[in-house]
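Notes follow the structure.
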Amino acid sequence: MDLASIGGFVLGMGLILWGILFGGNALVLYWDAPSLVIVVGGSFAGMLAMSPISRITALGKLFGVFFNMQVFNKEEIISQLVAFSESARKEGLLSLDDALNDVEDDFLRGGMRLVVDGSDPDVIKSVLYSDLDKIESRHQKGIDFFGNWGTLGPAFGMIGTLIGLIGMMANLEDISSVGKNMGVALITTFYGSILANLFLIPIQKKLEDKHQDEMLVKEIMVEGILSIQAGDNPRILEQKLYTFLAPDERPAGGGGEE
Amino acid sequence: MDLASIGGFVLGMGLILWGILFGGNALVLYWDAPSLVIVVGGSFAGMLAMSPISRITALGKLFGVFFNMQVFNKEEIISQLVAFSESARKEGLLSLDDALNDVEDDFLRGGMRLVVDGSDPDVIKSVLYSDLDKIESRHQKGIDFFGNWGTLGPAFGMIGTLIGLIGMMANLEDISSVGKNMGVALITTFYGSILANLFLIPIQKKLEDKHQDEMLVKEIMVEGILSIQAGDNPRILEQKLYTFLAPDERPAGGGGEE
Amino acid sequence: MDLASIGGFVLGMGLILWGILFGGNALVLYWDAPSLVIVVGGSFAGMLAMSPISRITALGKLFGVFFNMQVFNKEEIISQLVAFSESARKEGLLSLDDALNDVEDDFLRGGMRLVVDGSDPDVIKSVLYSDLDKIESRHQKGIDFFGNWGTLGPAFGMIGTLIGLIGMMANLEDISSVGKNMGVALITTFYGSILANLFLIPIQKKLEDKHQDEMLVKEIMVEGILSIQAGDNPRILEQKLYTFLAPDERPAGGGGEE
Amino acid sequence: MDLASIGGFVLGMGLILWGILFGGNALVLYWDAPSLVIVVGGSFAGMLAMSPISRITALGKLFGVFFNMQVFNKEEIISQLVAFSESARKEGLLSLDDALNDVEDDFLRGGMRLVVDGSDPDVIKSVLYSDLDKIESRHQKGIDFFGNWGTLGPAFGMIGTLIGLIGMMANLEDISSVGKNMGVALITTFYGSILANLFLIPIQKKLEDKHQDEMLVKEIMVEGILSIQAGDNPRILEQKLYTFLAPDERPAGGGGEE
Amino acid sequence: MDLASIGGFVLGMGLILWGILFGGNALVLYWDAPSLVIVVGGSFAGMLAMSPISRITALGKLFGVFFNMQVFNKEEIISQLVAFSESARKEGLLSLDDALNDVEDDFLRGGMRLVVDGSDPDVIKSVLYSDLDKIESRHQKGIDFFGNWGTLGPAFGMIGTLIGLIGMMANLEDISSVGKNMGVALITTFYGSILANLFLIPIQKKLEDKHQDEMLVKEIMVEGILSIQAGDNPRILEQKLYTFLAPDERPAGGGGEE
């Protein structure tokens, strides 16, 4: 589980609840199930209308990515690529054949397989970059899903508030009910704002961040695969790949600074 | 019919109606024909003022695209291109002449025709990319139409509300009418918000999505046509084209992962 | 006259007037000359402050472009270019000398003149692309003028409303005047909103659309001029140029589909 | 002095004053020195916090650029470049040595000096483009300064209004003071809106416009300097440079149209 | 300490306090600890949910960068690079070996080390540009952190205000408490607005500015390192590097003007 995100959600909701109680208000004033249904359901209905079915069914997977604590161990991937490079120089590309079966990452294994199979360098390059490109655009659609939802959330919050206000205006004479109706009307805006700012926008931004991290790892792999194919010096490969990491992620004094 | 979009519209409208009734308000309070005319008609008038006639008359076609359930069968297109590639390698380009008549897609048939007719590779490339480019910009105008409409919708909602408010302010003394007038004034904002967030923006986003899907298919075709023209190995062509698909759309263990 | 735009303006204003009258309000409530002066004049003052004099004096020309119904007949231009190409192949470039005097379009005539005069191909290319580039940036400034004005319109609407509100707040005791003053205050926002959403933004978008259409025509001309200079086959030139048109604008089964 | 901008400011302020007086309100209601201090001072404090000292001290220079009426005489610059080109062809590059001392523009003189000194063409190109690039980014920071200020202005207007509203809410019982306090509260929003929409945003846009005009002139110079270095034909140089001008700025029938 | 930023914060807060006191309001009306906790804590919870842990723990470092007065002495760096260039031309690249230990900047030292070690020019170029690229994207994430926070601040300000309003609406009968509750409700919006406009957005913009300044310095270094590797003339190198500075930062009459 991604503890920072869980922590952020819990802290945010906790502060909101604390703010309500500390202000001396009853918690029940802030609970209105129909409002929740209109905001969450209505904005989701908009997403349903704008998305292909396949994106809706893939939502579970996206939440999985979001909550996944797993971080790519870039140093290990670099070590592995350097090791491949060394054994390719010493014993030839075919010597990598067995080692590939132990590679967990599909992208790396697939790319290395092309090298070992002796594919044309141009084909390898074109296949890898085309693959990167398509991964980028698939990920972007998942990220945009939450971005768009984060826009629809407050919009349906306002739609709910208008429902309440229009109803209230018809009963203005009954002054005693105005405050209560108005309060209920504001709850959908309240829910829409929390939905977007505490949940949907952070999910969007975090998915984007994880996407960029994954793309960086994939770029390291592409650089490594093409270097191995070209028979570059393993030391130079290592030096090149370490520039992909932040200075404090590098094992020893690298060539750059923050 | 595109069931997800229909489902989204129905679910969204249903939730709004349910929210109204559940809140104990009469549905009739939320119905005001002149408001609907001002919001839908006024924003459409703005679209009329900003668009060439041809785009207005093409609106029906755009709605058709939106509701069209038809999805490109990318795997089938790839198989077809690979089959063309094989028969071109074995029996020469001219052997494709008959098969082309069965190709449904105009873009693919036109491009293959150029190859079979022995056009210069540079000409083929330039014709295909120029075609892609123009398709892109034509589609973009249709997508932007709904995006712009989605901006004008709430704007005319506010114009309608201002009409109501200004009228109401002139009759403030008659307290009993204030609430009712105010309610009617808010209805245009309500309609404008629903029009944009439940209908126009989702239509815009879905058209954009379908556009990107179609462009991906067209890129597969271009890649395939140019490879056949160049006489590339059918196996390598197949491998290249499969990188255009998401991993779970590929028939067997491809070279990438999500 | 561009009937769609005129129609849009008339329809939009008509619907607003109808909405006012249908709601049972006197039209006179919505007319306030000073408000109109503040919104239109104030936002124009902002445009004056941000624009070079030359752009202000060119406004009439921009309105002319906006209302101009004239559409480029792309098919005719293509035919002309193909005819030039044929006669250049058969009778040499110099044979075009006389025909050029009948070419109405300055850009096409100027570019063909360079070809006929035997200028260096690189010079021709550089002159034509530099010209296109400058036309693009000049047009963009006209388009941005209306875009910026469309932003200032509602801003000065709000400034006018604040003038009204501040004045009203000083006389709150006189309850009978509050409603009337408030109504007047809202009128500037009303005018600013109509000015931007029914007039300025549609003008901006339509100028942009016409600009793109003109650039497409100019790109056709550049492609044609360079092909004629290079002595390309007229059939291939025709095929290339038709990809610039939408499928339904093409005379017979072209190579692409929508 | 740039009369259009001065005229815009005067017209805008005049219309606002006229709107106030015409509405029958006392001008004194709209004057509140502390509000002015909060809006202008507060937004400037934000700019101080976000800018390096050097940008603050360069503000005077930016205002100077803004009010500077001086327009580049592009035709004269082109004539000069063509004259240089002719004399370089006839009498050699060294013949330009004396003429350079009369060139007022530092950029042009510096670039021509490199040519006369016989620097390597690649070095000249790299020095000129690097210079252009840095000028662009330095100008952009000045332009952004006013853009950011234009955003902070209304924000501090709202902060001032909130100060007023919070104070007023504590004294709601004293109904007679509510209107007055509310009026004062609205004044900061009023000032913030005028500051941004009549002054800061127009200054930003005008600086951007002048920047683009200057860059165009510098591009003409670069094109000219490189052509002279390469020994191009002066006639062709003239033709190329005139495409940088709008058709109506060109002396005789050029190769393009608006 | 960066005095301009400190000065901006102090001036801004001072003006706000002065505005409060000058308006005759008690300072205590504007202090509400729970509101501060909701705005700062809630928006920080959102940032926690959207950021990887590593970015949160690096916040202290970012604040350090923000307050750091240290400015890169570009002229000194250029002198150093020119001195390296001269001694490399006279005594060979190896002569730089000792001098490198005195270079403080990691990026410069690492890059020069590659040159002295005789690495392949293409490798050096690729390592340096890859390093620049990664530094750029790491910095951008820090800058975006404050940008995103600046958006969440006012959003949580509004959430806090809604908490207050909903609570108030339930007690509308008690008129005497309405004003006070309303005032407290507005305080969160007040805090959110100050947090974003006086602190977070200026911090974001200043970090961006410092980032650009650092990248400029790094570009000077890359240009210098590659020139030294290529054995370019030190005079030409100096001339090239000075174009990276603004005219008034250059020691003597350089080749450009502002």
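All residue names refer to the structure tokens as shown: chains lettered A, B, ... in order, residues numbered from 1 in each chain, ligands numbered from 1 in order.
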
Polymer residues at most 6 Å from range 131-148 of chain D, only C-alpha atoms, same-chain spacing of 2 or more positions, as a ChimeraX atom specification
/D:128-129,150-151,200,204 /E:243

Just-selected residues, C-alpha atoms written as a compact mmCIF listing (two decimals), in the first residue's frame:
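Written out: out-v4.txt:
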```txt
# COMPACT_ATOMS: atom_id res chain seq x y z
CA LEU D 128 23.94 35.34 -33.44
CA TYR D 129 21.36 32.64 -32.71
CA GLY D 150 -1.99 41.10 -13.49
CA THR D 151 -2.95 37.85 -11.76
CA LEU D 200 -1.17 45.52 -16.11
CA GLN D 204 2.00 42.89 -20.67
CA THR E 243 26.36 35.85 -25.58
```

Test item, helix (DSSP H, G or I) assignment across range 22-197 of chain B, answer as a ChimeraX atom specification
/B:22,27-30,33-50,53-57,59-67,74-91,93-100,106-116,121-169,175-197

Would you kindly return, as a PyMOL selection string, each protein, DNA or RNA residue with an atom no farther than 12 Å from any atom of Gly118 in chain A, considering only C-alpha atoms and excluding same-chain residues fewer than 2 positions away?
chain A and resi 92-94+96-97+111-116+120-124+228-230

Could those selected residues go to a file with C-alpha atoms, as a CSV table (one decimal), in the first residue's frame?
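Dumped everything to selection28.csv:
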```
chain,number,residue,atom,x,y,z
A,92,GLY,CA,28.8,-13.2,-27.3
A,93,LEU,CA,25.1,-12.2,-27.4
A,94,LEU,CA,23.9,-15.7,-27.4
A,96,LEU,CA,22.4,-14.1,-22.7
A,97,ASP,CA,19.8,-16.5,-23.9
A,111,GLY,CA,13.7,-6.0,-26.1
A,112,MET,CA,16.7,-8.2,-25.1
A,113,ARG,CA,15.1,-11.1,-26.9
A,114,LEU,CA,15.2,-9.0,-30.1
A,115,VAL,CA,18.9,-8.4,-29.6
A,116,VAL,CA,19.7,-12.0,-28.8
A,120,ASP,CA,18.3,-5.6,-37.3
A,121,PRO,CA,19.3,-2.7,-35.1
A,122,ASP,CA,16.9,-0.3,-36.9
A,123,VAL,CA,14.1,-2.7,-36.3
A,124,ILE,CA,14.9,-3.0,-32.7
A,228,ILE,CA,24.4,-3.9,-25.7
A,229,GLN,CA,23.3,-4.5,-29.3
A,230,ALA,CA,26.0,-2.0,-30.5
```

Quick one: which residues from chain B are at most 8 Å off chain C, using only C-alpha atoms, as a PyMOL selection string?
chain B and resi 34-35+37-38+41-53+105-111+123+126-127+130-131+134-135+138+152+155-156+159-160+162-167+169-173

Separation of CA of Glu214 in chain E from CA of Phe72 in chain E, in Å and rounded to one decimal
7.5 Å

Find the distance between CA of Phe63 in chain A and CA of Leu195 in chain A and write it in Å to one decimal.
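Going from CA of Phe63 in chain A over to CA of Leu195 in chain A, I get 15.3 Å.
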
Report the distance between CA of Ser87 in chain E and CA of Asp248 in chain E in Å, rounded to one decimal place.
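Result for CA of Ser87 in chain E versus CA of Asp248 in chain E: 28.3 Å, one decimal.
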